[in-house]
$ cat work.cif   # mmCIF, C-alpha atoms and all ligand atoms
data_data
loop_
_atom_site.group_PDB
_atom_site.id
_atom_site.type_symbol
_atom_site.label_atom_id
_atom_site.label_comp_id
_atom_site.auth_asym_id
_atom_site.auth_seq_id
_atom_site.Cartn_x
_atom_site.Cartn_y
_atom_site.Cartn_z
ATOM 1 C CA MET A 203 0.000 0.000 0.000
ATOM 2 C CA PHE A 204 2.636 2.519 1.108
ATOM 3 C CA TYR A 205 4.816 1.512 -1.834
ATOM 4 C CA LEU A 206 2.091 2.143 -4.362
ATOM 5 C CA LEU A 207 1.086 5.420 -2.747
ATOM 6 C CA SER A 208 4.718 6.584 -2.617
ATOM 7 C CA ILE A 209 5.247 5.756 -6.286
ATOM 8 C CA LEU A 210 2.040 7.489 -7.375
ATOM 9 C CA LEU A 211 2.590 10.565 -5.213
ATOM 10 C CA GLY A 212 6.289 10.661 -6.090
ATOM 11 C CA SER A 213 5.763 10.664 -9.840
ATOM 12 C CA SER A 214 2.951 13.236 -9.622
ATOM 13 C CA PHE A 215 5.021 15.557 -7.448
ATOM 14 C CA GLY A 216 8.002 14.906 -9.727
ATOM 15 C CA SER A 217 5.904 16.110 -12.623
ATOM 16 C CA PHE A 218 4.890 19.191 -10.609
ATOM 17 C CA LEU A 219 8.556 19.824 -9.737
ATOM 18 C CA ASN A 220 9.265 20.010 -13.462
ATOM 19 C CA VAL A 221 6.688 22.780 -13.789
ATOM 20 C CA CYS A 222 8.182 24.627 -10.789
ATOM 21 C CA ARG A 223 11.731 24.162 -11.992
ATOM 22 C CA TYR A 224 10.943 25.703 -15.358
ATOM 23 C CA ARG A 225 8.604 28.476 -14.294
ATOM 24 C CA ILE A 226 9.871 29.783 -10.925
ATOM 25 C CA PRO A 227 13.240 31.078 -12.272
ATOM 26 C CA ARG A 228 11.253 32.812 -15.056
ATOM 27 C CA ASN A 229 8.887 34.419 -12.531
ATOM 28 C CA GLU A 230 5.876 32.650 -14.035
ATOM 29 C CA SER A 231 2.856 31.332 -12.156
ATOM 30 C CA ILE A 232 3.137 27.640 -11.289
ATOM 31 C CA ILE A 233 -0.647 27.191 -11.302
ATOM 32 C CA TYR A 234 -1.860 28.981 -14.399
ATOM 33 C CA PRO A 235 -1.790 28.266 -17.337
ATOM 34 C CA SER A 236 -1.746 24.464 -17.449
ATOM 35 C CA SER A 237 1.206 22.755 -19.129
ATOM 36 C CA PHE A 238 1.900 23.747 -22.716
ATOM 37 C CA CYS A 239 4.675 23.118 -25.227
ATOM 38 C CA ARG A 240 7.276 25.882 -25.187
ATOM 39 C CA GLU A 241 7.866 25.488 -28.931
ATOM 40 C CA CYS A 242 4.426 25.360 -30.547
ATOM 41 C CA LEU A 243 2.448 26.633 -27.516
ATOM 42 C CA SER A 244 -0.130 23.807 -27.818
ATOM 43 C CA GLU A 245 -1.732 22.926 -24.534
ATOM 44 C CA ILE A 246 -0.667 19.483 -23.338
ATOM 45 C CA LYS A 247 -3.706 17.260 -22.881
ATOM 46 C CA TRP A 248 -3.923 15.359 -19.597
ATOM 47 C CA TYR A 249 -3.362 12.009 -21.328
ATOM 48 C CA PHE A 250 -0.045 13.325 -22.663
ATOM 49 C CA ASN A 251 0.852 14.594 -19.214
ATOM 50 C CA ILE A 252 1.026 11.320 -17.284
ATOM 51 C CA PRO A 253 4.379 11.179 -15.482
ATOM 52 C CA VAL A 254 7.034 8.895 -17.038
ATOM 53 C CA ILE A 255 4.525 6.968 -19.212
ATOM 54 C CA SER A 256 3.772 9.897 -21.512
ATOM 55 C CA TRP A 257 7.424 10.756 -21.903
ATOM 56 C CA ILE A 258 8.304 7.213 -22.964
ATOM 57 C CA TRP A 259 5.208 6.878 -25.145
ATOM 58 C CA LEU A 260 6.020 10.093 -27.054
ATOM 59 C CA LYS A 261 9.749 9.193 -27.035
ATOM 60 C CA GLY A 262 10.553 12.539 -25.410
ATOM 61 C CA ASN A 263 8.923 14.662 -28.121
ATOM 62 C CA CYS A 264 5.993 17.052 -28.188
ATOM 63 C CA TYR A 265 2.977 15.265 -29.722
ATOM 64 C CA TYR A 266 2.149 18.245 -31.937
ATOM 65 C CA CYS A 267 5.424 19.760 -33.160
ATOM 66 C CA LYS A 268 7.864 16.939 -32.232
ATOM 67 C CA ALA A 269 10.047 19.398 -30.314
ATOM 68 C CA ASN A 270 12.477 17.609 -28.027
ATOM 69 C CA ILE A 271 11.670 17.469 -24.310
ATOM 70 C CA ASN A 272 14.848 17.376 -22.225
ATOM 71 C CA VAL A 273 15.606 13.978 -20.683
ATOM 72 C CA SER A 274 16.136 15.674 -17.285
ATOM 73 C CA TYR A 275 12.329 16.011 -17.079
ATOM 74 C CA LEU A 276 12.019 12.242 -17.211
ATOM 75 C CA PHE A 277 14.865 11.947 -14.711
ATOM 76 C CA ILE A 278 12.998 13.978 -12.039
ATOM 77 C CA GLU A 279 9.785 12.027 -12.641
ATOM 78 C CA ILE A 280 11.684 8.791 -11.976
ATOM 79 C CA LEU A 281 13.954 10.036 -9.177
ATOM 80 C CA THR A 282 11.164 11.515 -7.037
ATOM 81 C CA PRO A 283 9.153 8.270 -6.634
ATOM 82 C CA ILE A 284 12.380 6.331 -5.959
ATOM 83 C CA LEU A 285 13.264 8.740 -3.134
ATOM 84 C CA PHE A 286 9.673 8.607 -1.803
ATOM 85 C CA VAL A 287 9.945 4.810 -1.557
ATOM 86 C CA LEU A 288 13.384 5.084 0.097
ATOM 87 C CA ASN A 289 11.893 7.562 2.578
ATOM 88 C CA LEU A 290 9.715 4.731 3.935
ATOM 89 C CA TYR A 291 12.958 3.404 5.468
ATOM 90 C CA SER A 292 14.281 6.730 6.679
ATOM 91 C CA PHE A 293 15.660 7.448 10.136
ATOM 92 C CA PRO A 294 12.951 9.172 12.275
ATOM 93 C CA ILE A 295 14.582 12.591 11.906
ATOM 94 C CA PHE A 296 11.430 14.610 12.585
ATOM 95 C CA SER A 297 9.248 12.387 14.706
ATOM 96 C CA ASN A 298 8.876 8.869 16.066
ATOM 97 C CA TYR A 299 5.437 8.766 14.488
ATOM 98 C CA PHE A 300 6.037 7.009 11.189
ATOM 99 C CA LEU A 301 3.465 8.849 9.099
ATOM 100 C CA LEU A 302 4.320 12.296 10.443
ATOM 101 C CA ASN A 303 8.012 11.684 9.820
ATOM 102 C CA LEU A 304 7.270 10.418 6.312
ATOM 103 C CA VAL A 305 5.276 13.543 5.426
ATOM 104 C CA GLY A 306 8.126 15.718 6.688
ATOM 105 C CA ILE A 307 10.912 13.970 4.822
ATOM 106 C CA ASP A 308 8.826 13.735 1.634
ATOM 107 C CA ILE A 309 8.145 17.495 1.626
ATOM 108 C CA LEU A 310 11.780 18.287 2.386
ATOM 109 C CA THR A 311 12.894 15.879 -0.365
ATOM 110 C CA LEU A 312 10.846 17.907 -2.855
ATOM 111 C CA TYR A 313 12.632 21.099 -1.777
ATOM 112 C CA PHE A 314 16.018 19.351 -1.963
ATOM 113 C CA LEU A 315 15.289 18.239 -5.533
ATOM 114 C CA LEU A 316 13.819 21.542 -6.694
ATOM 115 C CA ILE A 317 16.715 23.611 -5.350
ATOM 116 C CA ALA A 318 19.338 21.156 -6.660
ATOM 117 C CA PHE A 319 17.964 21.238 -10.198
ATOM 118 C CA ILE A 320 17.350 25.001 -10.327
ATOM 119 C CA ASP A 321 20.777 25.847 -8.882
ATOM 120 C CA PHE A 322 22.413 23.372 -11.245
ATOM 121 C CA SER A 323 20.929 24.976 -14.342
ATOM 122 C CA THR A 324 20.736 28.660 -13.330
ATOM 123 C CA TYR A 325 23.392 29.077 -10.568
ATOM 124 C CA LYS A 326 20.670 30.723 -8.502
ATOM 125 C CA ILE A 327 18.297 29.703 -5.745
ATOM 126 C CA PRO A 328 15.134 31.825 -6.058
ATOM 127 C CA ASN A 329 14.176 33.672 -2.847
ATOM 128 C CA ILE A 330 10.572 32.563 -3.113
ATOM 129 C CA ILE A 331 11.661 28.911 -2.733
ATOM 130 C CA ILE A 332 13.853 29.728 0.291
ATOM 131 C CA LEU A 333 10.985 31.666 1.847
ATOM 132 C CA THR A 334 8.223 29.070 1.354
ATOM 133 C CA GLY A 335 10.623 26.231 2.209
ATOM 134 C CA SER A 336 11.713 27.829 5.489
ATOM 135 C CA ILE A 337 8.166 28.762 6.520
ATOM 136 C CA THR A 338 7.052 25.206 5.764
ATOM 137 C CA GLY A 339 10.003 23.876 7.783
ATOM 138 C CA LEU A 340 9.253 26.027 10.834
ATOM 139 C CA SER A 341 5.517 25.247 10.641
ATOM 140 C CA PHE A 342 6.267 21.556 10.380
ATOM 141 C CA THR A 343 8.576 21.819 13.405
ATOM 142 C CA ILE A 344 5.753 23.360 15.458
ATOM 143 C CA ILE A 345 3.205 20.754 14.330
ATOM 144 C CA SER A 346 5.478 17.751 14.901
ATOM 145 C CA LYS A 347 6.523 19.007 18.359
ATOM 146 C CA LEU A 348 2.925 19.752 19.336
ATOM 147 C CA ILE A 349 1.952 16.169 18.565
ATOM 148 C CA SER A 350 4.857 14.661 20.479
ATOM 149 C CA PRO A 351 4.263 14.442 24.254
ATOM 150 C CA PHE A 352 7.951 14.948 25.077
ATOM 151 C CA ASP A 353 8.699 18.079 23.055
ATOM 152 C CA ASN A 354 7.944 21.747 23.471
ATOM 153 C CA ALA A 355 6.697 23.320 20.243
ATOM 154 C CA LEU A 356 7.817 26.861 21.108
ATOM 155 C CA ILE A 357 11.339 25.775 22.084
ATOM 156 C CA GLY A 358 11.591 23.633 18.933
ATOM 157 C CA PHE A 359 10.466 26.543 16.779
ATOM 158 C CA ILE A 360 12.894 29.040 18.333
ATOM 159 C CA PHE A 361 15.742 26.514 18.236
ATOM 160 C CA ASN A 362 15.330 25.791 14.525
ATOM 161 C CA LEU A 363 14.838 29.478 13.698
ATOM 162 C CA LEU A 364 18.060 30.412 15.527
ATOM 163 C CA SER A 365 19.871 27.432 13.950
ATOM 164 C CA GLY A 366 18.954 28.677 10.490
ATOM 165 C CA LEU A 367 19.976 32.251 11.319
ATOM 166 C CA LEU A 368 23.262 31.066 12.761
ATOM 167 C CA GLY A 369 23.942 28.945 9.679
ATOM 168 C CA PHE A 370 23.279 31.935 7.450
ATOM 169 C CA ILE A 371 25.529 34.256 9.492
ATOM 170 C CA LEU A 372 28.332 31.674 9.813
ATOM 171 C CA LEU A 373 28.517 30.930 6.086
ATOM 172 C CA GLU A 374 28.292 34.624 5.193
ATOM 173 C CA SER A 375 31.198 35.284 7.591
ATOM 174 C CA ILE A 376 33.240 32.496 6.022
ATOM 175 C CA VAL A 377 32.536 33.933 2.564
ATOM 176 C CA PHE A 378 33.567 37.385 3.810
ATOM 177 C CA LEU A 379 36.843 36.119 5.302
ATOM 178 C CA VAL A 380 37.719 34.012 2.256
ATOM 179 C CA ALA A 381 36.964 36.981 0.006
ATOM 180 C CA LEU A 382 39.369 39.101 2.084
ATOM 181 C CA ILE A 383 42.142 36.538 1.598
ATOM 182 C CA ILE A 384 41.760 35.387 -2.013
ATOM 183 C CA ASN A 385 39.593 38.241 -3.278
ATOM 184 C CA LYS A 386 36.973 35.838 -4.632
ATOM 185 C CA ASN A 387 33.543 34.674 -3.447
ATOM 186 C CA ALA A 388 33.705 30.985 -2.539
ATOM 187 C CA PHE A 389 29.938 30.667 -2.113
ATOM 188 C CA GLY A 390 26.991 32.657 -3.376
ATOM 189 C CA MET A 391 24.490 34.341 -1.062
ATOM 190 C CA GLY A 392 22.010 31.651 -2.171
ATOM 191 C CA ASP A 393 24.036 28.987 -0.356
ATOM 192 C CA SER A 394 23.807 30.846 2.973
ATOM 193 C CA LYS A 395 20.065 31.260 2.521
ATOM 194 C CA TYR A 396 19.802 27.582 1.688
ATOM 195 C CA LEU A 397 21.542 26.766 5.002
ATOM 196 C CA PHE A 398 18.845 28.821 6.719
ATOM 197 C CA LEU A 399 16.184 26.656 5.072
ATOM 198 C CA ILE A 400 17.923 23.425 6.114
ATOM 199 C CA GLY A 401 18.364 24.677 9.685
ATOM 200 C CA SER A 402 14.687 25.610 9.897
ATOM 201 C CA TRP A 403 13.833 21.969 9.177
ATOM 202 C CA ILE A 404 16.467 19.888 10.977
ATOM 203 C CA GLY A 405 18.159 22.220 13.495
ATOM 204 C CA PHE A 406 21.757 23.186 14.108
ATOM 205 C CA LYS A 407 23.603 19.848 14.251
ATOM 206 C CA GLY A 408 21.836 18.461 11.191
ATOM 207 C CA MET A 409 22.481 21.681 9.279
ATOM 208 C CA VAL A 410 26.208 21.717 10.061
ATOM 209 C CA MET A 411 26.442 18.011 9.202
ATOM 210 C CA SER A 412 24.713 18.649 5.855
ATOM 211 C CA PHE A 413 27.251 21.375 5.115
ATOM 212 C CA VAL A 414 30.213 19.158 6.034
ATOM 213 C CA LEU A 415 28.921 16.327 3.829
ATOM 214 C CA ALA A 416 28.279 18.776 0.978
ATOM 215 C CA ILE A 417 31.852 20.125 1.165
ATOM 216 C CA PHE A 418 33.238 16.599 1.335
ATOM 217 C CA ILE A 419 31.196 15.127 -1.558
ATOM 218 C CA GLY A 420 31.405 18.314 -3.622
ATOM 219 C CA GLY A 421 35.177 18.432 -3.133
ATOM 220 C CA ILE A 422 35.694 14.858 -4.295
ATOM 221 C CA ILE A 423 33.419 15.223 -7.326
ATOM 222 C CA THR A 424 34.983 18.554 -8.340
ATOM 223 C CA LEU A 425 38.446 17.024 -8.068
ATOM 224 C CA LEU A 426 37.408 14.079 -10.246
ATOM 225 C CA LEU A 427 35.814 16.390 -12.828
ATOM 226 C CA LEU A 428 39.008 18.477 -12.905
ATOM 227 C CA LEU A 429 41.103 15.339 -13.386
ATOM 228 C CA ILE A 430 39.071 14.167 -16.388
ATOM 229 C CA SER A 431 38.965 17.780 -17.687
ATOM 230 C CA LYS A 432 35.172 17.992 -17.592
ATOM 231 C CA ILE A 433 35.494 21.365 -15.896
ATOM 232 C CA ARG A 434 38.150 24.079 -15.930
ATOM 233 C CA ARG A 435 39.962 25.585 -12.948
ATOM 234 C CA GLY A 436 38.150 28.616 -11.626
ATOM 235 C CA GLN A 437 34.877 27.614 -13.275
ATOM 236 C CA LYS A 438 31.712 28.471 -11.367
ATOM 237 C CA ILE A 439 30.328 25.399 -9.575
ATOM 238 C CA PRO A 440 26.810 25.305 -8.111
ATOM 239 C CA PHE A 441 26.953 24.243 -4.452
ATOM 240 C CA GLY A 442 23.171 23.835 -4.015
ATOM 241 C CA PRO A 443 23.014 20.281 -5.418
ATOM 242 C CA TYR A 444 25.669 19.153 -2.917
ATOM 243 C CA LEU A 445 23.837 20.802 -0.030
ATOM 244 C CA SER A 446 20.698 18.974 -1.180
ATOM 245 C CA LEU A 447 22.549 15.669 -1.244
ATOM 246 C CA GLY A 448 24.197 16.338 2.136
ATOM 247 C CA GLY A 449 20.868 17.370 3.658
ATOM 248 C CA TYR A 450 19.138 14.311 2.306
ATOM 249 C CA LEU A 451 21.829 11.949 3.627
ATOM 250 C CA VAL A 452 21.530 13.552 7.081
ATOM 251 C CA CYS A 453 17.728 13.157 7.066
ATOM 252 C CA PHE A 454 17.896 9.586 5.834
ATOM 253 C CA TYR A 455 20.548 8.213 8.207
ATOM 254 C CA GLY A 456 20.211 10.717 11.052
ATOM 255 C CA GLU A 457 22.911 13.173 12.154
ATOM 256 C CA GLU A 458 24.298 10.871 14.891
ATOM 257 C CA PHE A 459 25.174 8.278 12.256
ATOM 258 C CA TRP A 460 27.333 10.780 10.354
ATOM 259 C CA ILE A 461 28.920 12.125 13.528
ATOM 260 C CA SER A 462 30.056 8.592 14.399
ATOM 261 C CA VAL A 463 31.344 8.097 10.832
ATOM 262 C CA ILE A 464 33.470 11.236 11.108
ATOM 263 C CA ARG A 465 34.701 10.169 14.539
ATOM 264 C CA LYS A 466 35.819 6.820 13.062
ATOM 265 C CA ILE A 467 37.564 8.473 10.122
ATOM 266 C CA SER A 468 39.428 10.847 12.421
ATOM 267 C CA LEU A 469 40.462 7.902 14.642
ATOM 268 C CA TYR A 470 42.030 6.069 11.702
ATOM 269 C CA SER A 471 43.760 9.032 10.148
HETATM 270 ZN ZN ZN B 501 5.087 21.409 -29.434
#
$ encode --input "work.cif" --output "structure tokens"
Amino acid sequence: MFYLLSILLGSSFGSFLNVCRYRIPRNESIIYPSSFCRECLSEIKWYFNIPVISWIWLKGNCYYCKANINVSYLFIEILTPILFVLNLYSFPIFSNYFLLNLVGIDILTLYFLLIAFIDFSTYKIPNIIILTGSITGLSFTIISKLISPFDNALIGFIFNLLSGLLGFILLESIVFLVALIINKNAFGMGDSKYLFLIGSWIGFKGMVMSFVLAIFIGGIITLLLLLISKIRRGQKIPFGPYLSLGGYLVCFYGEEFWISVIRKISLYS
């Protein structure tokens, strides 16, 4: 039951993410008009708008003008349901109540994906996404703490709010100091705002852990890409996708897991 629901919801939300990913950076409404082809402007009928199936059926082309639809659209529609199914096995990062925790990690997964894809293609994280994502995170914190008998909703809210603010200020300070030394911005302002969003959902420790993982994974991948000459030295690299990945790994395994991993690594080295 949960599998089927996760797959259905995941592919539908994946399809919606595609709309958001295209329209939000262009300042267009995500509700109106309904989906249409960007080449021939024909409205896409609902039976050509079924996630994954339609894309494969039409072989990635518009039904009317045969314009090519980027394969990354299919990728999101497949990736989202896979992550939704994985989330069924997630660490209880938000709550010990299974369903409540699942709702939380599913919503946050959508933000992780949206920000990763938009930052990857535009090098920007739109403020409207940071704003709605953080408000959703803080609201969810209040709701999940209200339901739990052991937590205080107000303390949880203030803690996550301050965590986010601290994350923002810390990264901005690092950027400022690095800029003083090498006269170059290591991170964009969007990354600091993104830390605020992550902190508003999972608090200080989780936020810092997400950042550490992002630096670690991003560093290795960038090094590999430099070695095989896929990127040039000094080329702009979006950090948002790595923060998304780091944040997701922290949510999925729990921050304590990663803290013990780092402790082990530092013991052996
Ligand atoms: Zn078309």
$ closest_residue --input "work.cif" --among "A:Asn270, A:Ser471, A:Ser213, A:Ser412" --to "ligand ZN 501 (chain B)" --atoms "all atoms listed in the file"
A:Asn270
$ atom_distance --input "work.cif" --atom1 "atom CA of A:Phe296" --atom2 "atom CA of A:Gly456"
9.7 Å
$ closest_residue --input "work.cif" --among "A:Asn387, A:Asn298, A:Ser217, A:Ser431" --to "A:Ser256" --atoms "only C-alpha atoms"
A:Ser217
$ resolve_selection --input "work.cif" --expression "the PyMOL selection byres (((chain A and resi 332-343) around 9) and not hetatm)" --output "ChimeraX atom specification"
/A:296,306,309-310,313,317,327-331,344-348,355,358-360,362-363,366,392,395-396,398-404
$ axis_aligned_box --input "work.cif" --around "stretch 221-230 of chain A" --padding-each-side "4 Å" --output "JSON"
{"center_x": 9.6, "center_y": 28.6, "center_z": -13.1, "size_x": 15.4, "size_y": 19.6, "size_z": 12.6}
$ residues_near_ligand --input "work.cif" --ligand "ligand ZN 501 (chain B)" --cutoff "12 Å" --atoms "only C-alpha atoms and all ligand atoms" --output "list in words"
Ser237, Phe238, Cys239, Arg240, Glu241, Cys242, Leu243, Ser244, Glu245, Ile246, Lys247, Phe250, Leu260, Gly262, Asn263, Cys264, Tyr265, Tyr266, Cys267, Lys268, Ala269, Asn270 and Ile271 of chain A
$ write_last_selection --input "work.cif" --atoms "C-alpha atoms" --output "PDB file, keeping the file's coordinate frame"
ATOM      1  CA  SER A 237       1.206  22.755 -19.129  1.00  0.00           C
ATOM      2  CA  PHE A 238       1.900  23.747 -22.716  1.00  0.00           C
ATOM      3  CA  CYS A 239       4.675  23.118 -25.227  1.00  0.00           C
ATOM      4  CA  ARG A 240       7.276  25.882 -25.187  1.00  0.00           C
ATOM      5  CA  GLU A 241       7.866  25.488 -28.931  1.00  0.00           C
ATOM      6  CA  CYS A 242       4.426  25.360 -30.547  1.00  0.00           C
ATOM      7  CA  LEU A 243       2.448  26.633 -27.516  1.00  0.00           C
ATOM      8  CA  SER A 244      -0.130  23.807 -27.818  1.00  0.00           C
ATOM      9  CA  GLU A 245      -1.732  22.926 -24.534  1.00  0.00           C
ATOM     10  CA  ILE A 246      -0.667  19.483 -23.338  1.00  0.00           C
ATOM     11  CA  LYS A 247      -3.706  17.260 -22.881  1.00  0.00           C
ATOM     12  CA  PHE A 250      -0.045  13.325 -22.663  1.00  0.00           C
ATOM     13  CA  LEU A 260       6.020  10.093 -27.054  1.00  0.00           C
ATOM     14  CA  GLY A 262      10.553  12.539 -25.410  1.00  0.00           C
ATOM     15  CA  ASN A 263       8.923  14.662 -28.121  1.00  0.00           C
ATOM     16  CA  CYS A 264       5.993  17.052 -28.188  1.00  0.00           C
ATOM     17  CA  TYR A 265       2.977  15.265 -29.722  1.00  0.00           C
ATOM     18  CA  TYR A 266       2.149  18.245 -31.937  1.00  0.00           C
ATOM     19  CA  CYS A 267       5.424  19.760 -33.160  1.00  0.00           C
ATOM     20  CA  LYS A 268       7.864  16.939 -32.232  1.00  0.00           C
ATOM     21  CA  ALA A 269      10.047  19.398 -30.314  1.00  0.00           C
ATOM     22  CA  ASN A 270      12.477  17.609 -28.027  1.00  0.00           C
ATOM     23  CA  ILE A 271      11.670  17.469 -24.310  1.00  0.00           C
TER      24      ILE A 271
END
$ atom_distance --input "work.cif" --atom1 "atom CA of A:Gly448" --atom2 "atom CA of A:Glu230"
29.4 Å
$ decode --input "work.cif" --residues "stretch 209-233 of chain A" --atoms "N, CA and C atoms" --output "PDB file, in the first residue's frame"
ATOM      1  N   ILE A 209       4.898   5.679  -4.865  1.00  0.00           N
ATOM      2  CA  ILE A 209       5.247   5.756  -6.286  1.00  0.00           C
ATOM      3  C   ILE A 209       4.315   6.720  -7.012  1.00  0.00           C
ATOM      4  N   LEU A 210       3.016   6.609  -6.721  1.00  0.00           N
ATOM      5  CA  LEU A 210       2.040   7.489  -7.375  1.00  0.00           C
ATOM      6  C   LEU A 210       2.258   8.948  -6.995  1.00  0.00           C
ATOM      7  N   LEU A 211       2.374   9.192  -5.684  1.00  0.00           N
ATOM      8  CA  LEU A 211       2.590  10.565  -5.213  1.00  0.00           C
ATOM      9  C   LEU A 211       3.926  11.108  -5.723  1.00  0.00           C
ATOM     10  N   GLY A 212       4.949  10.248  -5.666  1.00  0.00           N
ATOM     11  CA  GLY A 212       6.289  10.661  -6.090  1.00  0.00           C
ATOM     12  C   GLY A 212       6.318  11.085  -7.546  1.00  0.00           C
ATOM     13  N   SER A 213       5.693  10.291  -8.425  1.00  0.00           N
ATOM     14  CA  SER A 213       5.763  10.664  -9.840  1.00  0.00           C
ATOM     15  C   SER A 213       4.896  11.886 -10.130  1.00  0.00           C
ATOM     16  N   SER A 214       3.773  12.033  -9.414  1.00  0.00           N
ATOM     17  CA  SER A 214       2.951  13.236  -9.622  1.00  0.00           C
ATOM     18  C   SER A 214       3.690  14.476  -9.152  1.00  0.00           C
ATOM     19  N   PHE A 215       4.280  14.399  -7.949  1.00  0.00           N
ATOM     20  CA  PHE A 215       5.021  15.557  -7.448  1.00  0.00           C
ATOM     21  C   PHE A 215       6.257  15.811  -8.311  1.00  0.00           C
ATOM     22  N   GLY A 216       6.863  14.736  -8.828  1.00  0.00           N
ATOM     23  CA  GLY A 216       8.002  14.906  -9.727  1.00  0.00           C
ATOM     24  C   GLY A 216       7.608  15.708 -10.949  1.00  0.00           C
ATOM     25  N   SER A 217       6.426  15.395 -11.471  1.00  0.00           N
ATOM     26  CA  SER A 217       5.904  16.110 -12.623  1.00  0.00           C
ATOM     27  C   SER A 217       5.656  17.584 -12.274  1.00  0.00           C
ATOM     28  N   PHE A 218       5.133  17.820 -11.074  1.00  0.00           N
ATOM     29  CA  PHE A 218       4.890  19.191 -10.609  1.00  0.00           C
ATOM     30  C   PHE A 218       6.217  19.936 -10.406  1.00  0.00           C
ATOM     31  N   LEU A 219       7.230  19.209  -9.915  1.00  0.00           N
ATOM     32  CA  LEU A 219       8.556  19.824  -9.737  1.00  0.00           C
ATOM     33  C   LEU A 219       9.094  20.339 -11.060  1.00  0.00           C
ATOM     34  N   ASN A 220       8.817  19.586 -12.135  1.00  0.00           N
ATOM     35  CA  ASN A 220       9.265  20.010 -13.462  1.00  0.00           C
ATOM     36  C   ASN A 220       8.649  21.346 -13.853  1.00  0.00           C
ATOM     37  N   VAL A 221       7.366  21.508 -13.522  1.00  0.00           N
ATOM     38  CA  VAL A 221       6.688  22.780 -13.789  1.00  0.00           C
ATOM     39  C   VAL A 221       7.356  23.890 -12.979  1.00  0.00           C
ATOM     40  N   CYS A 222       7.574  23.625 -11.677  1.00  0.00           N
ATOM     41  CA  CYS A 222       8.182  24.627 -10.789  1.00  0.00           C
ATOM     42  C   CYS A 222       9.585  24.986 -11.252  1.00  0.00           C
ATOM     43  N   ARG A 223      10.341  23.960 -11.603  1.00  0.00           N
ATOM     44  CA  ARG A 223      11.731  24.162 -11.992  1.00  0.00           C
ATOM     45  C   ARG A 223      11.839  25.051 -13.221  1.00  0.00           C
ATOM     46  N   TYR A 224      10.902  24.896 -14.145  1.00  0.00           N
ATOM     47  CA  TYR A 224      10.943  25.703 -15.358  1.00  0.00           C
ATOM     48  C   TYR A 224      10.411  27.110 -15.111  1.00  0.00           C
ATOM     49  N   ARG A 225       9.309  27.192 -14.366  1.00  0.00           N
ATOM     50  CA  ARG A 225       8.604  28.476 -14.294  1.00  0.00           C
ATOM     51  C   ARG A 225       9.103  29.418 -13.202  1.00  0.00           C
ATOM     52  N   ILE A 226       9.492  28.888 -12.031  1.00  0.00           N
ATOM     53  CA  ILE A 226       9.871  29.783 -10.925  1.00  0.00           C
ATOM     54  C   ILE A 226      11.053  30.696 -11.303  1.00  0.00           C
ATOM     55  N   PRO A 227      12.149  30.161 -11.906  1.00  0.00           N
ATOM     56  CA  PRO A 227      13.240  31.078 -12.272  1.00  0.00           C
ATOM     57  C   PRO A 227      12.816  32.116 -13.309  1.00  0.00           C
ATOM     58  N   ARG A 228      11.728  31.862 -14.043  1.00  0.00           N
ATOM     59  CA  ARG A 228      11.253  32.812 -15.056  1.00  0.00           C
ATOM     60  C   ARG A 228      10.138  33.705 -14.516  1.00  0.00           C
ATOM     61  N   ASN A 229       9.929  33.612 -13.185  1.00  0.00           N
ATOM     62  CA  ASN A 229       8.887  34.419 -12.531  1.00  0.00           C
ATOM     63  C   ASN A 229       7.493  34.200 -13.115  1.00  0.00           C
ATOM     64  N   GLU A 230       7.216  32.944 -13.510  1.00  0.00           N
ATOM     65  CA  GLU A 230       5.876  32.650 -14.035  1.00  0.00           C
ATOM     66  C   GLU A 230       5.068  31.939 -12.974  1.00  0.00           C
ATOM     67  N   SER A 231       3.731  32.028 -13.101  1.00  0.00           N
ATOM     68  CA  SER A 231       2.856  31.332 -12.156  1.00  0.00           C
ATOM     69  C   SER A 231       3.007  29.826 -12.317  1.00  0.00           C
ATOM     70  N   ILE A 232       2.998  29.096 -11.185  1.00  0.00           N
ATOM     71  CA  ILE A 232       3.137  27.640 -11.289  1.00  0.00           C
ATOM     72  C   ILE A 232       1.769  26.980 -11.373  1.00  0.00           C
ATOM     73  N   ILE A 233       0.697  27.778 -11.277  1.00  0.00           N
ATOM     74  CA  ILE A 233      -0.647  27.191 -11.302  1.00  0.00           C
ATOM     75  C   ILE A 233      -1.316  27.423 -12.650  1.00  0.00           C
TER      76      ILE A 233
END
